[in-house]
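Novice: Contents of protein17.txt (compact mmCIF, C-alpha atoms) are given next:
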# COMPACT_ATOMS: atom_id res chain seq x y z
CA MET A 150 64.28 -186.19 -13.34
CA LYS A 151 62.02 -187.15 -10.46
CA VAL A 152 59.77 -190.14 -11.24
CA THR A 153 56.92 -191.46 -9.10
CA ILE A 154 55.25 -194.84 -9.62
CA PHE A 155 51.74 -195.37 -8.25
CA GLN A 156 51.45 -199.02 -7.23
CA THR A 157 47.66 -199.23 -6.92
CA ASP A 158 45.05 -201.78 -5.95
CA VAL A 159 42.80 -201.37 -8.99
CA VAL A 160 39.06 -201.34 -8.36
CA TRP A 161 37.51 -203.64 -10.97
CA ALA A 162 35.62 -201.90 -13.78
CA ASN A 163 35.35 -198.61 -11.92
CA PRO A 164 37.21 -195.79 -13.74
CA ASP A 165 35.65 -193.11 -11.53
CA GLU A 166 36.97 -194.65 -8.31
CA ASN A 167 40.38 -195.42 -9.82
CA VAL A 168 40.70 -191.85 -11.08
CA ARG A 169 39.83 -190.53 -7.62
CA LYS A 170 42.46 -192.81 -6.12
CA ALA A 171 45.10 -191.64 -8.60
CA GLN A 172 44.17 -188.02 -7.92
CA ARG A 173 44.61 -188.49 -4.18
CA MET A 174 48.00 -190.12 -4.66
CA LEU A 175 49.14 -187.36 -6.97
CA GLU A 176 48.09 -184.64 -4.53
CA GLU A 177 49.98 -186.45 -1.75
CA ASN A 178 53.11 -186.77 -3.93
CA GLU A 179 53.42 -183.42 -5.65
CA GLY A 180 56.57 -182.27 -7.37
CA SER A 181 57.58 -185.16 -9.60
CA ASP A 182 58.26 -184.72 -13.29
CA LEU A 183 56.72 -188.05 -14.33
CA TYR A 184 54.04 -190.25 -12.77
CA VAL A 185 53.57 -193.85 -13.91
CA LEU A 186 50.47 -195.99 -13.33
CA PRO A 187 49.97 -199.73 -13.99
CA GLU A 188 48.49 -201.47 -17.01
CA MET A 189 44.73 -200.87 -17.40
CA TRP A 190 44.91 -198.84 -14.22
CA ALA A 191 41.35 -197.51 -14.56
CA THR A 192 39.55 -200.87 -14.90
CA GLY A 193 41.78 -203.82 -14.09
CA PHE A 194 43.21 -206.17 -16.72
CA ALA A 195 40.26 -207.32 -18.80
CA THR A 196 40.72 -209.84 -21.59
CA THR A 197 36.99 -209.61 -22.33
CA PRO A 198 36.64 -205.83 -22.47
CA HIS A 199 33.12 -205.41 -23.81
CA ASP A 200 31.60 -204.14 -20.58
CA ILE A 201 34.51 -202.08 -19.24
CA ALA A 202 36.57 -200.63 -22.09
CA GLU A 203 36.34 -196.86 -22.36
CA SER A 204 35.85 -194.88 -25.54
CA GLU A 205 38.63 -192.74 -26.97
CA ASP A 206 37.08 -189.90 -24.95
CA SER A 207 38.05 -191.81 -21.83
CA ILE A 208 37.36 -190.43 -18.34
CA ALA A 209 40.75 -191.72 -17.25
CA LEU A 210 42.57 -190.23 -20.23
CA ARG A 211 40.89 -186.85 -19.72
CA TRP A 212 42.04 -186.95 -16.10
CA MET A 213 45.62 -187.69 -17.20
CA GLN A 214 45.55 -184.73 -19.58
CA GLN A 215 44.07 -182.37 -17.00
CA ALA A 216 46.50 -183.52 -14.31
CA ALA A 217 49.47 -183.06 -16.63
CA CYS A 218 48.47 -179.44 -17.25
CA LEU A 219 47.55 -178.65 -13.66
CA HIS A 220 50.63 -180.22 -12.07
CA HIS A 221 53.10 -179.44 -14.89
CA CYS A 222 54.16 -183.06 -15.27
CA ALA A 223 53.89 -186.12 -17.50
CA LEU A 224 51.79 -189.20 -16.79
CA SER A 225 52.06 -192.69 -18.24
CA GLY A 226 49.80 -195.73 -17.98
CA SER A 227 47.63 -198.01 -20.11
CA LEU A 228 43.86 -198.12 -20.59
CA ALA A 229 41.41 -200.50 -22.26
CA ILE A 230 40.12 -198.46 -25.19
CA LEU A 231 37.37 -199.09 -27.74
CA THR A 232 38.46 -197.11 -30.79
CA ALA A 233 36.20 -195.38 -33.28
CA ASP A 234 36.72 -198.21 -35.77
CA GLY A 235 35.32 -200.75 -33.28
CA LYS A 236 38.62 -202.30 -32.18
CA TYR A 237 39.75 -202.87 -28.62
CA ARG A 238 43.25 -201.70 -27.81
CA ASN A 239 45.42 -202.03 -24.72
CA ARG A 240 46.70 -198.50 -25.16
CA HIS A 241 49.65 -197.14 -23.21
CA PHE A 242 49.39 -193.36 -23.03
CA PHE A 243 52.18 -190.89 -22.34
CA VAL A 244 50.65 -187.50 -21.57
CA THR A 245 52.44 -184.17 -21.14
CA PRO A 246 50.99 -180.68 -20.71
CA SER A 247 51.33 -180.12 -24.45
CA ASP A 248 50.94 -183.55 -26.07
CA THR A 249 49.44 -187.04 -25.85
CA VAL A 250 51.11 -190.00 -27.54
CA PHE A 251 50.22 -193.67 -27.25
CA TYR A 252 51.56 -197.14 -27.85
CA ASP A 253 49.23 -200.06 -28.58
CA LYS A 254 50.47 -203.23 -26.87
CA HIS A 255 52.20 -205.41 -29.43
CA HIS A 256 52.50 -208.74 -27.61
CA LEU A 257 48.99 -209.66 -26.56
CA PHE A 258 48.76 -212.21 -23.74
CA THR A 259 47.52 -215.27 -25.61
CA TYR A 260 47.67 -217.45 -22.46
CA GLY A 261 44.94 -215.20 -21.02
CA HIS A 262 43.08 -214.87 -24.37
CA GLU A 263 43.82 -211.16 -24.71
CA ASP A 264 44.44 -211.75 -28.42
CA GLU A 265 40.86 -212.97 -28.94
CA PHE A 266 39.37 -209.55 -28.24
CA PHE A 267 42.14 -206.97 -28.52
CA THR A 268 43.98 -205.83 -31.64
CA ALA A 269 47.76 -205.69 -31.40
CA GLY A 270 49.76 -202.62 -32.29
CA ASN A 271 52.66 -202.91 -34.71
CA ASN A 272 54.65 -199.77 -34.01
CA HIS A 273 57.28 -198.89 -31.45
CA VAL A 274 56.66 -195.63 -29.67
CA ILE A 275 59.27 -193.43 -28.04
CA ALA A 276 57.84 -190.51 -26.07
CA GLU A 277 59.97 -187.43 -25.50
CA TYR A 278 59.83 -185.26 -22.41
CA GLN A 279 62.25 -182.75 -20.92
CA GLY A 280 64.81 -183.66 -23.53
CA ARG A 281 64.74 -187.38 -22.71
CA ARG A 282 63.23 -190.34 -24.54
CA PHE A 283 61.08 -193.13 -23.12
CA LEU A 284 60.28 -196.44 -24.82
CA LEU A 285 56.74 -197.50 -23.97
CA LEU A 286 56.11 -201.19 -23.21
CA THR A 287 53.16 -203.02 -21.69
CA CYS A 288 53.40 -206.09 -19.43
CA TYR A 289 53.89 -209.19 -21.64
CA ASP A 290 56.19 -207.15 -23.91
CA LEU A 291 58.87 -207.58 -21.24
CA ARG A 292 59.34 -211.21 -22.30
CA PHE A 293 60.47 -210.24 -25.81
CA PRO A 294 63.91 -208.59 -25.76
CA VAL A 295 64.12 -208.07 -29.52
CA TRP A 296 61.06 -205.82 -29.38
CA ALA A 297 62.68 -203.66 -26.69
CA ARG A 298 66.03 -203.51 -28.47
CA TYR A 299 64.87 -200.85 -30.87
CA GLY A 300 66.74 -198.54 -33.19
CA MET A 301 70.32 -197.36 -33.09
CA ALA A 302 72.42 -197.28 -29.93
CA GLY A 303 71.11 -194.69 -27.52
CA GLU A 304 67.73 -194.39 -29.21
CA TYR A 305 66.03 -194.01 -25.83
CA ASP A 306 67.06 -193.28 -22.25
CA ALA A 307 64.47 -195.22 -20.25
CA ILE A 308 61.89 -197.96 -20.66
CA ILE A 309 58.47 -197.53 -19.08
CA ALA A 310 56.86 -200.94 -18.55
CA VAL A 311 53.33 -200.85 -17.14
CA ALA A 312 51.89 -204.17 -16.00
CA ASN A 313 49.34 -206.37 -14.28
CA TRP A 314 51.95 -209.03 -13.50
CA PRO A 315 50.59 -211.77 -11.21
CA GLU A 316 52.35 -213.08 -8.14
CA SER A 317 52.47 -216.60 -9.64
CA ARG A 318 55.09 -215.33 -12.11
CA GLN A 319 56.75 -212.79 -9.82
CA GLN A 320 60.26 -214.15 -10.28
CA ALA A 321 60.01 -213.50 -14.01
CA TRP A 322 59.03 -209.88 -13.27
CA ARG A 323 62.08 -209.46 -11.04
CA VAL A 324 64.46 -210.87 -13.65
CA LEU A 325 63.02 -209.48 -16.87
CA THR A 326 62.77 -205.88 -15.68
CA ARG A 327 66.45 -205.82 -14.68
CA ALA A 328 67.47 -207.68 -17.84
CA ARG A 329 65.81 -205.14 -20.13
CA ALA A 330 67.63 -202.34 -18.29
CA ILE A 331 71.04 -204.05 -18.51
CA GLU A 332 70.92 -205.12 -22.15
CA ASN A 333 69.73 -201.73 -23.35
CA GLN A 334 71.86 -199.61 -21.00
CA SER A 335 68.79 -197.70 -19.92
CA TYR A 336 66.70 -197.02 -16.88
CA LEU A 337 63.67 -199.27 -16.44
CA ILE A 338 60.54 -197.94 -14.75
CA GLY A 339 58.21 -200.83 -13.97
CA ALA A 340 54.72 -200.09 -12.61
CA ASN A 341 52.79 -203.13 -11.39
CA ARG A 342 49.51 -203.35 -9.47
CA VAL A 343 48.61 -205.04 -6.18
CA GLY A 344 45.42 -206.72 -5.02
CA ASP A 345 43.13 -209.25 -6.64
CA ASP A 346 40.81 -209.70 -9.57
CA GLU A 347 38.72 -212.72 -10.55
CA PHE A 348 41.72 -214.57 -11.90
CA CYS A 349 44.93 -213.52 -10.14
CA HIS A 350 46.62 -212.09 -7.09
CA TYR A 351 49.11 -209.28 -7.72
CA SER A 352 51.88 -208.54 -5.25
CA GLY A 353 53.36 -205.51 -7.00
CA GLU A 354 57.10 -204.96 -6.52
CA SER A 355 57.01 -201.95 -8.83
CA LEU A 356 60.54 -200.69 -9.27
CA VAL A 357 63.11 -198.52 -10.93
CA ALA A 358 66.29 -200.23 -12.16
CA ASP A 359 69.43 -198.52 -13.44
CA PRO A 360 71.48 -199.49 -16.52
CA LYS A 361 73.52 -201.95 -14.44
CA GLY A 362 70.35 -203.70 -13.31
CA GLU A 363 70.71 -202.36 -9.79
CA THR A 364 67.49 -201.48 -8.00
CA LEU A 365 67.15 -197.77 -7.26
CA GLY A 366 63.82 -198.26 -5.53
CA VAL A 367 61.16 -200.94 -5.16
CA CYS A 368 57.66 -200.95 -3.71
CA LYS A 369 56.76 -203.30 -0.90
CA GLU A 370 54.84 -206.42 -1.77
CA ASN A 371 51.04 -206.34 -1.45
CA MET A 372 50.96 -202.67 -0.47
CA GLU A 373 49.30 -199.82 -2.33
CA MET A 374 51.94 -197.11 -2.28
CA PRO A 375 53.93 -194.56 -4.27
CA LEU A 376 57.62 -194.89 -5.09
CA THR A 377 59.70 -191.83 -5.98
CA VAL A 378 63.17 -192.06 -7.52
CA ASP A 379 65.49 -189.48 -9.08
CA LEU A 380 66.89 -190.51 -12.47
CA ASP A 381 70.38 -189.19 -13.21
CA PHE A 382 70.50 -189.04 -16.99
CA GLU A 383 73.94 -187.43 -17.02
CA ARG A 384 75.21 -190.55 -15.26
CA LEU A 385 73.52 -192.64 -17.95
CA ASP A 386 75.16 -190.58 -20.71
CA GLY A 387 78.56 -190.99 -19.07
CA MET A 388 78.13 -194.75 -18.69
CA ARG A 389 77.15 -195.15 -22.34
CA GLN A 390 80.13 -193.05 -23.39
CA ARG A 391 82.64 -195.04 -21.32
CA PHE A 392 81.27 -198.55 -21.86
CA LYS A 393 79.87 -198.66 -25.37
CA VAL A 394 78.01 -201.94 -25.23
CA LEU A 395 75.28 -200.67 -27.52
CA ASP A 396 77.74 -200.12 -30.36
CA ASP A 397 78.24 -203.91 -30.51
CA ARG A 398 74.58 -204.90 -30.51
CA ASP A 399 73.20 -207.33 -33.11
CA GLY A 400 71.70 -205.28 -35.91
CA ARG A 401 70.50 -201.71 -35.89
CA THR A 402 66.75 -202.28 -35.82
CA CYS A 403 64.41 -204.98 -34.58
CA GLY A 404 62.68 -205.45 -37.92
Now, as a test, write the supplied structure out as structure tokens.

Specialist:
Amino acid sequence: MKVTIFQTDVVWANPDENVRKAQRMLEENEGSDLYVLPEMWATGFATTPHDIAESEDSIALRWMQQAACLHHCALSGSLAILTADGKYRNRHFFVTPSDTVFYDKHHLFTYGHEDEFFTAGNNHVIAEYQGRRFLLLTCYDLRFPVWARYGMAGEYDAIIAVANWPESRQQAWRVLTRARAIENQSYLIGANRVGDDEFCHYSGESLVADPKGETLGVCKENMEMPLTVDLDFERLDGMRQRFKVLDDRDGRTCG
């Protein structure tokens, strides 16, 4: 499966411009099966979302759905959404030509006061596409390995972690992404942003890691760019069959 990450410099509170940017990048990188965008890729990471959160009929979400159909692919990325019941959600969408599923970020970033305005989700979500399964995570979730270690051995084949992970904690990004891949014997697709907002500088280093924690591809620091990697799921299946680490994991569910 060919996967492309879009490491973007998000224009603050401007879904129209960020959609145009994503569209240009997609047109310049045709042919992938899955495209992954960063956390809150249409607005920037907003802990006070009142002026920038989109409705459930989001411009950015509609673009993802249209692009999936037009380009015969899947797209993944999170958006700040104001739901019909008046709650703000950091909602990670996985869109295919035939379906849209979403995961609401479970671990809200209390250090940045995300929990004061957003409502946490309580459910794991595994999206299926082309016969493979993807666990959806969002940014701060990476720090909580029990949340990622979900279900029975082999429950999913890859983790998609979308993020606005600041340069000040870049070493944690480098370590935690590889750790989640190793301990779950899965691929890890990590999409981070670059650029600046009012609070942080983001240097990116979006990546794809294999089940051994080896880097299959990584974006350059501080550069808006795509990254395309081929995932060999047959290799993953063979590794899990030969070295059955997951059979010895602690417990069968995360609670």

Novice: Report as a Markdown table: every residue of segment 254-296 of chain A with an atom at most 12 Å from segment 379-384 of chain A, its closest pair of atoms, and their distance in Å to one decimal, counting all atoms listed in the file, with rows sorted by chain and ascending residue number.

Specialist:
| residue | atom | partner | partner_atom | distance |
| --- | --- | --- | --- | --- |
| A:Gln279 | CA | A:Phe382 | CA | 11.1 |
| A:Gly280 | CA | A:Phe382 | CA | 10.2 |
| A:Arg281 | CA | A:Phe382 | CA | 8.3 |
| A:Arg282 | CA | A:Phe382 | CA | 10.6 |
| A:Phe283 | CA | A:Phe382 | CA | 12.0 |

Novice: Please identify all polymer residues within 8 Å of Cys218 of chain A, counting only C-alpha atoms, omitting same-chain residues fewer than 3 positions from it, and present them as a compact mmCIF listing (two decimals) with C-alpha atoms, keeping the file's coordinate frame.

Specialist:
# COMPACT_ATOMS: atom_id res chain seq x y z
CA GLN A 214 45.55 -184.73 -19.58
CA GLN A 215 44.07 -182.37 -17.00
CA HIS A 221 53.10 -179.44 -14.89
CA CYS A 222 54.16 -183.06 -15.27
CA THR A 245 52.44 -184.17 -21.14
CA PRO A 246 50.99 -180.68 -20.71
CA SER A 247 51.33 -180.12 -24.45

Novice: Here is a test: counting only C-alpha atoms, which residue of A:Val250, A:Leu285, A:Ala229, A:Ala217 is nearest to Thr268 of chain A?

Specialist: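 Distance minimum relative to Thr268 of chain A lands on A:Ala229.
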
Novice: Return the single residue from A:Glu370, A:Asp253, A:Asp158, A:Asp182 that is closest to Thr232 of chain A, with distances computed using all atoms listed in the file.

Specialist: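 Checking each candidate against Thr232 of chain A, we get A:Asp253 as the closest.
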
Novice: Taking 5 positions as the minimum chain separation for residues in the same chain, which residues sit within 10 Å of Met388 of chain A when counting only C-alpha atoms? Answer as a ChimeraX atom specification.

Specialist: /A:334-335,360-361,382-383,393-394
